[in-house]
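For reference, the structure is listed below as structure tokens.
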Amino acid sequence: MSKTYYDPADLRKFGKISEWNEELGTKFFDYYGKVFEEGALTAREKSLIALAVAHTEQCPYCIDAYTKDGLERGITKEEMMEALHVGAAIKSGATLVHGVQMMNKVNKLEM
């Protein structure tokens, strides 16, 4: 297997990110943990959201982590793919809506 830029083994090292700044690392992980606690949304729903966002952010570590997490929470591959398409639609829509800004600028410059 060829080596890629992203090493899947690095995901297991994520907790070490605090080593160079323990205070901020601890604050991040406290926040991260709190966000994924059951609340108005279930842990399953949060996992599915995280998976869709992982794809729009193109984070291979997050994709691996939340694919595994989702499967463990009973999320089906069909649900995963549908969530991915929701993320893709929002990402492409956000790109296209900024076209209005370009159109406004062109119209202003052509005056």
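By order in the structure tokens, chains are A, B, ...; within a chain, residues start at 1; ligands start at 1, following the order shown.
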
(Q) Run DSSP on the backbone and tell me which residues of segment 23-87 of chain A come out as helix (DSSP H, G or I); list them as a VMD selection string. (A) chain A and resid 23 to 35 43 to 56 60 to 72 77 to 87

With C-alpha atoms kept, could you save the residues just selected as a PDB file, in the first residue's frame?
ATOM      1  CA  GLU A  23      -4.397  24.745  28.955  1.00  0.00           C
ATOM      2  CA  LEU A  24      -5.880  25.296  25.496  1.00  0.00           C
ATOM      3  CA  GLY A  25      -5.847  21.591  24.674  1.00  0.00           C
ATOM      4  CA  THR A  26      -7.764  20.801  27.844  1.00  0.00           C
ATOM      5  CA  LYS A  27     -10.282  23.545  27.112  1.00  0.00           C
ATOM      6  CA  PHE A  28     -10.788  22.231  23.589  1.00  0.00           C
ATOM      7  CA  PHE A  29     -11.312  18.635  24.689  1.00  0.00           C
ATOM      8  CA  ASP A  30     -13.670  19.717  27.487  1.00  0.00           C
ATOM      9  CA  TYR A  31     -15.705  21.676  24.927  1.00  0.00           C
ATOM     10  CA  TYR A  32     -15.547  18.869  22.344  1.00  0.00           C
ATOM     11  CA  GLY A  33     -16.744  16.343  24.895  1.00  0.00           C
ATOM     12  CA  LYS A  34     -19.569  18.594  26.059  1.00  0.00           C
ATOM     13  CA  VAL A  35     -20.753  19.181  22.490  1.00  0.00           C
ATOM     14  CA  ALA A  43     -25.462  11.159  20.171  1.00  0.00           C
ATOM     15  CA  ARG A  44     -26.495   9.281  17.016  1.00  0.00           C
ATOM     16  CA  GLU A  45     -27.789  12.475  15.377  1.00  0.00           C
ATOM     17  CA  LYS A  46     -24.640  14.359  16.374  1.00  0.00           C
ATOM     18  CA  SER A  47     -22.492  11.611  14.891  1.00  0.00           C
ATOM     19  CA  LEU A  48     -24.359  11.853  11.585  1.00  0.00           C
ATOM     20  CA  ILE A  49     -23.972  15.649  11.549  1.00  0.00           C
ATOM     21  CA  ALA A  50     -20.277  15.275  12.348  1.00  0.00           C
ATOM     22  CA  LEU A  51     -19.863  12.838   9.462  1.00  0.00           C
ATOM     23  CA  ALA A  52     -21.489  15.238   6.981  1.00  0.00           C
ATOM     24  CA  VAL A  53     -19.379  18.158   8.234  1.00  0.00           C
ATOM     25  CA  ALA A  54     -16.257  15.979   8.090  1.00  0.00           C
ATOM     26  CA  HIS A  55     -16.882  15.558   4.387  1.00  0.00           C
ATOM     27  CA  THR A  56     -17.564  19.229   3.676  1.00  0.00           C
ATOM     28  CA  PRO A  60      -9.931  12.286   6.438  1.00  0.00           C
ATOM     29  CA  TYR A  61      -9.340  11.768  10.153  1.00  0.00           C
ATOM     30  CA  CYS A  62     -12.862  12.960  10.981  1.00  0.00           C
ATOM     31  CA  ILE A  63     -14.341  10.905   8.142  1.00  0.00           C
ATOM     32  CA  ASP A  64     -12.682   7.773   9.517  1.00  0.00           C
ATOM     33  CA  ALA A  65     -13.656   8.559  13.103  1.00  0.00           C
ATOM     34  CA  TYR A  66     -17.294   9.406  12.440  1.00  0.00           C
ATOM     35  CA  THR A  67     -17.820   6.609   9.924  1.00  0.00           C
ATOM     36  CA  LYS A  68     -16.735   4.159  12.623  1.00  0.00           C
ATOM     37  CA  ASP A  69     -18.685   6.002  15.325  1.00  0.00           C
ATOM     38  CA  GLY A  70     -21.792   6.088  13.147  1.00  0.00           C
ATOM     39  CA  LEU A  71     -21.653   2.373  12.420  1.00  0.00           C
ATOM     40  CA  GLU A  72     -21.274   1.701  16.136  1.00  0.00           C
ATOM     41  CA  LYS A  77     -24.669   3.325   5.009  1.00  0.00           C
ATOM     42  CA  GLU A  78     -27.757   4.741   3.280  1.00  0.00           C
ATOM     43  CA  GLU A  79     -28.219   7.293   6.077  1.00  0.00           C
ATOM     44  CA  MET A  80     -24.523   8.169   5.895  1.00  0.00           C
ATOM     45  CA  MET A  81     -24.674   8.743   2.148  1.00  0.00           C
ATOM     46  CA  GLU A  82     -27.844  10.818   2.426  1.00  0.00           C
ATOM     47  CA  ALA A  83     -26.214  12.987   5.109  1.00  0.00           C
ATOM     48  CA  LEU A  84     -23.177  13.380   2.855  1.00  0.00           C
ATOM     49  CA  HIS A  85     -25.415  14.596   0.047  1.00  0.00           C
ATOM     50  CA  VAL A  86     -27.070  17.102   2.385  1.00  0.00           C
ATOM     51  CA  GLY A  87     -23.621  18.439   3.275  1.00  0.00           C
TER      52      GLY A  87
END
